[in-house]
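Next comes data_14.tsv, with TSV, N, CA and C atoms.
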chain	number	residue	atom	x	y	z
A	24	MET	N	187.95	170.41	232.52
A	24	MET	CA	186.79	171.28	232.51
A	24	MET	C	185.75	170.68	231.57
A	25	ASP	N	184.52	170.72	231.99
A	25	ASP	CA	183.42	170.22	231.20
A	25	ASP	C	183.33	171.00	229.90
A	26	SER	N	183.04	170.32	228.81
A	26	SER	CA	183.00	170.99	227.50
A	26	SER	C	181.88	172.02	227.43
A	27	GLY	N	180.77	171.76	228.09
A	27	GLY	CA	179.68	172.74	228.10
A	27	GLY	C	180.08	174.04	228.77
A	28	VAL	N	180.81	173.91	229.88
A	28	VAL	CA	181.29	175.10	230.59
A	28	VAL	C	182.28	175.86	229.71
A	29	MET	N	183.15	175.13	229.02
A	29	MET	CA	184.13	175.77	228.15
A	29	MET	C	183.45	176.52	227.00
A	30	ILE	N	182.42	175.95	226.44
A	30	ILE	CA	181.69	176.61	225.36
A	30	ILE	C	181.02	177.88	225.87
A	31	VAL	N	180.36	177.79	227.03
A	31	VAL	CA	179.68	178.95	227.59
A	31	VAL	C	180.68	180.06	227.92
A	32	LEU	N	181.82	179.71	228.53
A	32	LEU	CA	182.83	180.71	228.87
A	32	LEU	C	183.43	181.36	227.62
A	33	SER	N	183.66	180.58	226.58
A	33	SER	CA	184.22	181.16	225.35
A	33	SER	C	183.23	182.09	224.68
A	34	VAL	N	181.96	181.74	224.69
A	34	VAL	CA	180.94	182.62	224.11
A	34	VAL	C	180.83	183.90	224.93
A	35	ILE	N	180.88	183.77	226.26
A	35	ILE	CA	180.83	184.96	227.12
A	35	ILE	C	182.03	185.86	226.83
A	36	CYS	N	183.22	185.28	226.69
A	36	CYS	CA	184.41	186.08	226.36
A	36	CYS	C	184.24	186.80	225.03
A	37	CYS	N	183.69	186.12	224.04
A	37	CYS	CA	183.47	186.75	222.74
A	37	CYS	C	182.47	187.90	222.85
A	38	VAL	N	181.36	187.65	223.51
A	38	VAL	CA	180.31	188.68	223.62
A	38	VAL	C	180.83	189.88	224.40
A	39	VAL	N	181.46	189.64	225.54
A	39	VAL	CA	181.98	190.74	226.36
A	39	VAL	C	183.06	191.50	225.59
A	40	GLY	N	183.97	190.77	224.93
A	40	GLY	CA	185.03	191.42	224.15
A	40	GLY	C	184.48	192.28	223.03
A	41	PHE	N	183.51	191.76	222.29
A	41	PHE	CA	182.90	192.54	221.21
A	41	PHE	C	182.16	193.75	221.75
A	42	PHE	N	181.46	193.57	222.88
A	42	PHE	CA	180.73	194.68	223.49
A	42	PHE	C	181.69	195.79	223.92
A	43	LEU	N	182.79	195.42	224.59
A	43	LEU	CA	183.77	196.41	225.03
A	43	LEU	C	184.40	197.12	223.83
A	44	ASN	N	184.73	196.36	222.79
A	44	ASN	CA	185.32	196.96	221.60
A	44	ASN	C	184.34	197.91	220.92
A	45	ARG	N	183.08	197.51	220.84
A	45	ARG	CA	182.06	198.35	220.22
A	45	ARG	C	181.82	199.63	221.02
A	46	THR	N	181.82	199.49	222.34
A	46	THR	CA	181.64	200.66	223.20
A	46	THR	C	182.76	201.67	222.96
A	47	TYR	N	183.99	201.20	222.89
A	47	TYR	CA	185.13	202.08	222.64
A	47	TYR	C	185.04	202.69	221.24
A	48	ALA	N	184.70	201.87	220.25
A	48	ALA	CA	184.63	202.35	218.87
A	48	ALA	C	183.54	203.42	218.69
A	49	LYS	N	182.41	203.26	219.37
A	49	LYS	CA	181.36	204.27	219.27
A	49	LYS	C	181.82	205.61	219.83
A	50	LYS	N	182.60	205.57	220.88
A	50	LYS	CA	183.03	206.80	221.53
A	50	LYS	C	184.19	207.47	220.79
A	51	TYR	N	185.13	206.68	220.25
A	51	TYR	CA	186.34	207.25	219.67
A	51	TYR	C	186.46	207.07	218.16
A	52	GLY	N	185.53	206.38	217.54
A	52	GLY	CA	185.51	206.26	216.10
A	52	GLY	C	186.41	205.19	215.51
A	53	GLU	N	187.20	204.53	216.33
A	53	GLU	CA	188.07	203.44	215.88
A	53	GLU	C	187.97	202.29	216.87
A	54	ALA	N	188.20	201.10	216.37
A	54	ALA	CA	188.16	199.93	217.25
A	54	ALA	C	189.30	199.97	218.26
A	55	ALA	N	189.04	199.43	219.42
A	55	ALA	CA	190.06	199.36	220.46
A	55	ALA	C	191.04	198.24	220.18
A	56	VAL	N	190.54	197.14	219.65
A	56	VAL	CA	191.36	195.95	219.43
A	56	VAL	C	192.35	196.21	218.30
A	57	GLN	N	193.58	195.85	218.55
A	57	GLN	CA	194.63	195.91	217.53
A	57	GLN	C	194.60	194.57	216.80
A	58	TRP	N	194.05	194.56	215.60
A	58	TRP	CA	193.69	193.32	214.93
A	58	TRP	C	194.88	192.45	214.54
A	59	LYS	N	196.01	193.05	214.21
A	59	LYS	CA	197.19	192.23	213.87
A	59	LYS	C	197.63	191.41	215.08
A	60	TRP	N	197.66	192.07	216.24
A	60	TRP	CA	198.04	191.35	217.45
A	60	TRP	C	196.95	190.38	217.87
A	61	PHE	N	195.71	190.73	217.61
A	61	PHE	CA	194.58	189.85	217.92
A	61	PHE	C	194.75	188.52	217.20
A	62	VAL	N	195.09	188.57	215.92
A	62	VAL	CA	195.25	187.34	215.14
A	62	VAL	C	196.38	186.49	215.73
A	63	LEU	N	197.50	187.12	216.07
A	63	LEU	CA	198.62	186.38	216.65
A	63	LEU	C	198.24	185.82	218.02
A	64	GLN	N	197.44	186.55	218.78
A	64	GLN	CA	196.99	186.05	220.08
A	64	GLN	C	196.11	184.82	219.89
A	65	VAL	N	195.20	184.88	218.95
A	65	VAL	CA	194.31	183.74	218.69
A	65	VAL	C	195.12	182.53	218.24
A	66	ILE	N	196.09	182.74	217.37
A	66	ILE	CA	196.93	181.64	216.90
A	66	ILE	C	197.72	181.05	218.06
A	67	GLY	N	198.28	181.90	218.91
A	67	GLY	CA	199.05	181.41	220.05
A	67	GLY	C	198.20	180.62	221.03
A	68	ILE	N	197.02	181.14	221.35
A	68	ILE	CA	196.13	180.44	222.27
A	68	ILE	C	195.67	179.12	221.65
A	69	GLY	N	195.30	179.17	220.38
A	69	GLY	CA	194.87	177.94	219.70
A	69	GLY	C	195.98	176.90	219.66
A	70	GLY	N	197.19	177.35	219.35
A	70	GLY	CA	198.33	176.42	219.33
A	70	GLY	C	198.58	175.82	220.70
A	71	ALA	N	198.50	176.62	221.75
A	71	ALA	CA	198.69	176.11	223.10
A	71	ALA	C	197.60	175.12	223.48
A	72	LEU	N	196.36	175.42	223.09
A	72	LEU	CA	195.26	174.51	223.41
A	72	LEU	C	195.38	173.17	222.69
A	73	THR	N	195.96	173.18	221.51
A	73	THR	CA	196.13	171.91	220.78
A	73	THR	C	197.30	171.10	221.32
A	74	GLN	N	198.17	171.71	222.11
A	74	GLN	CA	199.35	171.03	222.64
A	74	GLN	C	199.31	170.89	224.16
A	75	LEU	N	198.11	170.90	224.74
A	75	LEU	CA	198.01	170.81	226.20
A	75	LEU	C	198.78	169.59	226.70
A	76	PRO	N	199.59	169.79	227.74
A	76	PRO	CA	200.41	168.67	228.24
A	76	PRO	C	199.57	167.62	228.97
A	77	THR	N	200.01	166.38	228.85
A	77	THR	CA	199.37	165.29	229.58
A	77	THR	C	200.28	164.85	230.73
A	78	ASP	N	201.41	164.25	230.41
A	78	ASP	CA	202.33	163.80	231.46
A	78	ASP	C	203.43	164.83	231.72
A	79	GLU	N	203.96	165.40	230.65
A	79	GLU	CA	205.01	166.41	230.80
A	79	GLU	C	204.81	167.50	229.76
A	80	ILE	N	205.42	168.63	230.02
A	80	ILE	CA	205.28	169.78	229.13
A	80	ILE	C	206.19	169.61	227.92
A	81	SER	N	205.61	169.76	226.75
A	81	SER	CA	206.39	169.60	225.52
A	81	SER	C	206.98	170.95	225.08
A	82	PHE	N	207.96	170.87	224.21
A	82	PHE	CA	208.56	172.09	223.67
A	82	PHE	C	207.56	172.85	222.80
A	83	ARG	N	206.68	172.13	222.12
A	83	ARG	CA	205.66	172.79	221.29
A	83	ARG	C	204.72	173.62	222.16
A	84	PHE	N	204.31	173.04	223.28
A	84	PHE	CA	203.43	173.77	224.19
A	84	PHE	C	204.13	175.03	224.71
A	85	LEU	N	205.38	174.89	225.12
A	85	LEU	CA	206.13	176.05	225.59
A	85	LEU	C	206.28	177.11	224.50
A	86	PHE	N	206.50	176.67	223.26
A	86	PHE	CA	206.60	177.61	222.14
A	86	PHE	C	205.32	178.42	222.02
A	87	TRP	N	204.17	177.74	222.04
A	87	TRP	CA	202.90	178.44	221.88
A	87	TRP	C	202.59	179.34	223.07
A	88	ILE	N	202.99	178.94	224.26
A	88	ILE	CA	202.80	179.78	225.44
A	88	ILE	C	203.65	181.05	225.31
A	89	ILE	N	204.89	180.90	224.85
A	89	ILE	CA	205.76	182.06	224.66
A	89	ILE	C	205.19	182.99	223.60
A	90	VAL	N	204.72	182.43	222.49
A	90	VAL	CA	204.09	183.23	221.43
A	90	VAL	C	202.89	183.99	222.00
A	91	THR	N	202.08	183.31	222.80
A	91	THR	CA	200.90	183.93	223.39
A	91	THR	C	201.28	185.08	224.32
A	92	PHE	N	202.24	184.85	225.20
A	92	PHE	CA	202.65	185.90	226.14
A	92	PHE	C	203.25	187.10	225.41
A	93	LEU	N	204.10	186.84	224.42
A	93	LEU	CA	204.70	187.95	223.68
A	93	LEU	C	203.64	188.73	222.90
A	94	SER	N	202.71	188.02	222.27
A	94	SER	CA	201.68	188.72	221.51
A	94	SER	C	200.73	189.48	222.44
A	95	TYR	N	200.46	188.94	223.61
A	95	TYR	CA	199.63	189.67	224.57
A	95	TYR	C	200.33	190.92	225.06
A	96	GLY	N	201.61	190.79	225.39
A	96	GLY	CA	202.36	191.96	225.85
A	96	GLY	C	202.39	193.05	224.80
A	97	ALA	N	202.72	192.68	223.57
A	97	ALA	CA	202.78	193.66	222.48
A	97	ALA	C	201.40	194.21	222.15
A	98	GLY	N	200.39	193.35	222.13
A	98	GLY	CA	199.04	193.79	221.81
A	98	GLY	C	198.47	194.75	222.84
A	99	LEU	N	198.68	194.45	224.11
A	99	LEU	CA	198.19	195.34	225.17
A	99	LEU	C	198.94	196.66	225.17
A	100	TRP	N	200.25	196.61	224.94
A	100	TRP	CA	201.04	197.85	224.87
A	100	TRP	C	200.57	198.70	223.69
A	101	GLN	N	200.39	198.07	222.52
A	101	GLN	CA	199.93	198.79	221.32
A	101	GLN	C	198.53	199.36	221.54
A	102	CYS	N	197.68	198.61	222.20
A	102	CYS	CA	196.32	199.06	222.49
A	102	CYS	C	196.36	200.28	223.41
A	103	ARG	N	197.20	200.24	224.41
A	103	ARG	CA	197.34	201.38	225.34
A	103	ARG	C	197.87	202.60	224.62
A	104	GLN	N	198.86	202.42	223.76
A	104	GLN	CA	199.42	203.54	222.99
A	104	GLN	C	198.37	204.14	222.06
A	105	HIS	N	197.58	203.27	221.45
A	105	HIS	CA	196.50	203.72	220.55
A	105	HIS	C	195.50	204.57	221.33
A	106	ALA	N	195.14	204.11	222.52
A	106	ALA	CA	194.20	204.87	223.35
A	106	ALA	C	194.81	206.20	223.77
A	107	LYS	N	196.09	206.22	224.08
A	107	LYS	CA	196.75	207.48	224.45
A	107	LYS	C	196.75	208.46	223.28
A	108	ARG	N	197.01	207.96	222.06
A	108	ARG	CA	197.01	208.83	220.88
A	108	ARG	C	195.63	209.44	220.65
A	109	GLN	N	194.61	208.70	220.99
A	109	GLN	CA	193.25	209.20	220.83
A	109	GLN	C	192.81	210.01	222.04
A	110	GLN	N	193.69	210.19	222.98
A	110	GLN	CA	193.41	210.92	224.21
A	110	GLN	C	192.19	210.35	224.94
A	111	ALA	N	192.18	209.04	225.03
A	111	ALA	CA	191.09	208.35	225.72
A	111	ALA	C	191.19	208.56	227.22
A	112	GLU	N	190.06	208.59	227.85
A	112	GLU	CA	190.01	208.70	229.30
A	112	GLU	C	190.59	207.42	229.91
A	113	PRO	N	191.09	207.48	231.15
A	113	PRO	CA	191.67	206.28	231.77
A	113	PRO	C	190.72	205.09	231.82
A	114	GLY	N	189.45	205.32	232.09
A	114	GLY	CA	188.48	204.23	232.11
A	114	GLY	C	188.29	203.61	230.73
A	115	ASP	N	188.32	204.44	229.71
A	115	ASP	CA	188.19	203.93	228.34
A	115	ASP	C	189.44	203.17	227.91
A	116	THR	N	190.60	203.57	228.41
A	116	THR	CA	191.83	202.83	228.13
A	116	THR	C	191.75	201.44	228.73
A	117	VAL	N	191.20	201.34	229.92
A	117	VAL	CA	191.02	200.04	230.56
A	117	VAL	C	190.03	199.19	229.75
A	118	ILE	N	188.97	199.81	229.26
A	118	ILE	CA	188.00	199.09	228.43
A	118	ILE	C	188.67	198.57	227.16
A	119	ALA	N	189.50	199.40	226.54
A	119	ALA	CA	190.20	198.99	225.32
A	119	ALA	C	191.12	197.82	225.59
A	120	MET	N	191.88	197.91	226.68
A	120	MET	CA	192.81	196.83	227.00
A	120	MET	C	192.09	195.56	227.42
A	121	ALA	N	190.95	195.70	228.07
A	121	ALA	CA	190.16	194.52	228.44
A	121	ALA	C	189.64	193.82	227.19
A	122	ALA	N	189.18	194.60	226.22
A	122	ALA	CA	188.71	194.02	224.95
A	122	ALA	C	189.86	193.29	224.26
A	123	GLN	N	191.05	193.89	224.27
A	123	GLN	CA	192.23	193.27	223.63
A	123	GLN	C	192.60	191.97	224.34
A	124	ALA	N	192.36	191.88	225.63
A	124	ALA	CA	192.74	190.69	226.38
A	124	ALA	C	191.69	189.59	226.34
A	125	ILE	N	190.42	189.96	226.39
A	125	ILE	CA	189.35	188.98	226.53
A	125	ILE	C	188.94	188.36	225.19
A	126	LEU	N	188.82	189.17	224.17
A	126	LEU	CA	188.29	188.71	222.89
A	126	LEU	C	189.08	187.56	222.27
A	127	PRO	N	190.42	187.57	222.26
A	127	PRO	CA	191.14	186.46	221.64
A	127	PRO	C	190.93	185.12	222.35
A	128	VAL	N	190.73	185.14	223.65
A	128	VAL	CA	190.52	183.89	224.38
A	128	VAL	C	189.25	183.21	223.89
A	129	GLY	N	188.17	183.96	223.87
A	129	GLY	CA	186.91	183.40	223.40
A	129	GLY	C	186.96	183.01	221.93
A	130	ALA	N	187.57	183.86	221.12
A	130	ALA	CA	187.63	183.58	219.68
A	130	ALA	C	188.44	182.32	219.39
A	131	ALA	N	189.54	182.12	220.10
A	131	ALA	CA	190.38	180.94	219.86
A	131	ALA	C	189.62	179.66	220.17
A	132	VAL	N	188.92	179.64	221.28
A	132	VAL	CA	188.16	178.44	221.66
A	132	VAL	C	187.01	178.21	220.69
A	133	VAL	N	186.30	179.26	220.32
A	133	VAL	CA	185.19	179.11	219.37
A	133	VAL	C	185.69	178.60	218.02
A	134	ILE	N	186.81	179.14	217.56
A	134	ILE	CA	187.38	178.69	216.28
A	134	ILE	C	187.78	177.22	216.35
A	135	LEU	N	188.44	176.82	217.44
A	135	LEU	CA	188.83	175.42	217.58
A	135	LEU	C	187.62	174.50	217.65
A	136	LEU	N	186.60	174.91	218.40
A	136	LEU	CA	185.39	174.08	218.50
A	136	LEU	C	184.67	173.99	217.16
A	137	ALA	N	184.55	175.10	216.46
A	137	ALA	CA	183.89	175.09	215.15
A	137	ALA	C	184.66	174.24	214.15
A	138	THR	N	185.98	174.39	214.16
A	138	THR	CA	186.81	173.60	213.25
A	138	THR	C	186.67	172.11	213.55
A	139	GLY	N	186.67	171.76	214.83
A	139	GLY	CA	186.51	170.37	215.22
A	139	GLY	C	185.15	169.81	214.84
A	140	MET	N	184.12	170.61	215.04
A	140	MET	CA	182.77	170.13	214.69
A	140	MET	C	182.64	169.96	213.18
A	141	ILE	N	183.22	170.88	212.42
A	141	ILE	CA	183.15	170.77	210.96
A	141	ILE	C	183.96	169.57	210.49
A	142	ALA	N	185.19	169.45	210.99
A	142	ALA	CA	186.07	168.36	210.54
A	142	ALA	C	185.51	167.01	210.93
A	143	PHE	N	185.14	166.85	212.21
A	143	PHE	CA	184.64	165.56	212.64
A	143	PHE	C	183.25	165.28	212.10
A	144	GLY	N	182.44	166.30	211.95
A	144	GLY	CA	181.12	166.11	211.35
A	144	GLY	C	181.23	165.65	209.92
A	145	PHE	N	182.19	166.24	209.17
A	145	PHE	CA	182.41	165.85	207.79
A	145	PHE	C	182.94	164.42	207.72
A	146	LEU	N	183.88	164.07	208.61
A	146	LEU	CA	184.44	162.73	208.59
A	146	LEU	C	183.42	161.68	208.99
A	147	TRP	N	182.57	161.98	209.97
A	147	TRP	CA	181.56	161.02	210.38
A	147	TRP	C	180.46	160.87	209.33
A	148	ALA	N	180.19	161.95	208.59
A	148	ALA	CA	179.15	161.89	207.58
A	148	ALA	C	179.58	161.07	206.36
A	149	HIS	N	180.88	161.00	206.14
A	149	HIS	CA	181.37	160.29	204.96
A	149	HIS	C	182.09	159.08	205.36
Structure rendered as structure tokens:
Amino acid sequence: MDSGVMIVLSVICCVVGFFLNRTYAKKYGEAAVQWKWFVLQVIGIGGALTQLPTDEISFRFLFWIIVTFLSYGAGLWQCRQHAKRQQAEPGDTVIAMAAQAILPVGAAVVILLATGMIAFGFLWAH
């Protein structure tokens, strides 16, 4: 995938995720995103992206994929339970779960790109 497309898609995921989370928070007074699971989701996605397979799938890549799937499952379940406790409408529950699913994808890519630009920019400058 072209790097420009990846940057645009990650920014769109961040903006849409933040918008959905903000919409839910305005209506119910608390954020939809379960932040502990969000952090684990970002770490899992970032780890998987750093271990993308070339010729064959590595154990490290599989580890990060498993971490990502488990954190997504737990995060979405926790998000749904949180919405139920707040007696959220079904549409708002979907919005909450969409924010929980979309935001980490964009955040992980943006963090990796920013880290790479800072690290390589610093190395090239010195």
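With atom N of Gln123 in chain A on one side and CA of Ile68 in chain A on the other, the separation reads 14.5 Å.
Minimum atom-to-atom distances from A:Ala48, A:Ala121, A:Ala71, A:Val38 to Ile88 in chain A were compared using only N, CA and C atoms, and the lowest value belongs to A:Ala71.
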Atomic separation - CA of Ile118 in chain A relative to atom C of Ile134 in chain A, Å
25.0 Å
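Distance-wise, atom C of Ile30 in chain A and atom C of Phe143 in chain A end up 18.8 Å apart.
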In range 45-142 of chain A, DSSP alpha helix (DSSP H) residues written as a PyMOL selection string
chain A and resi 45-51+58-73+82-108+113-142
Choose the residue, out of A:Phe41, A:Tyr51, A:Ile35, A:Thr46, that has the smallest atom-to-atom separation from Gln109 in chain A; count all atoms listed in the file.
A:Tyr51
Residue nearest Val65 in chain A among A:Ala142, A:Ala130, A:Leu136, A:Ile89 (counting all atoms listed in the file)
A:Ala130
Would you mind telling me which residue in A:Phe86, A:Phe92, A:Gly98, A:Ala131 lies nearest to Lys59 in chain A when using all atoms listed in the file?
A:Gly98
Pick out the residues sitting within 6.5 Å of Val90 in chain A, and hand them over as an MDAnalysis selection string; count only N, CA and C atoms, and ignore anything fewer than 4 positions along from it in its own chain.
chainID A and resid 63 67 85:86 94:95
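Minimum atom-to-atom distance to Ala97 in chain A, evaluated using only C-alpha atoms, belongs to A:Phe61 out of A:Val117, A:Gly27, A:Phe61, A:Gln110.
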Considering all atoms listed in the file, return as a VMD selection string whatever protein or nucleic-acid residues lie within 6 Å of range 99-104 of chain A, sequence-local ones (same chain, fewer than 6 positions apart) excluded.
chain A and resid 55 57 120
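In this comparison, which uses only C-alpha atoms, the residue of A:Gly139, A:Val62, A:Gly129, A:Lys49 approaching Leu32 in chain A most closely is A:Gly129.
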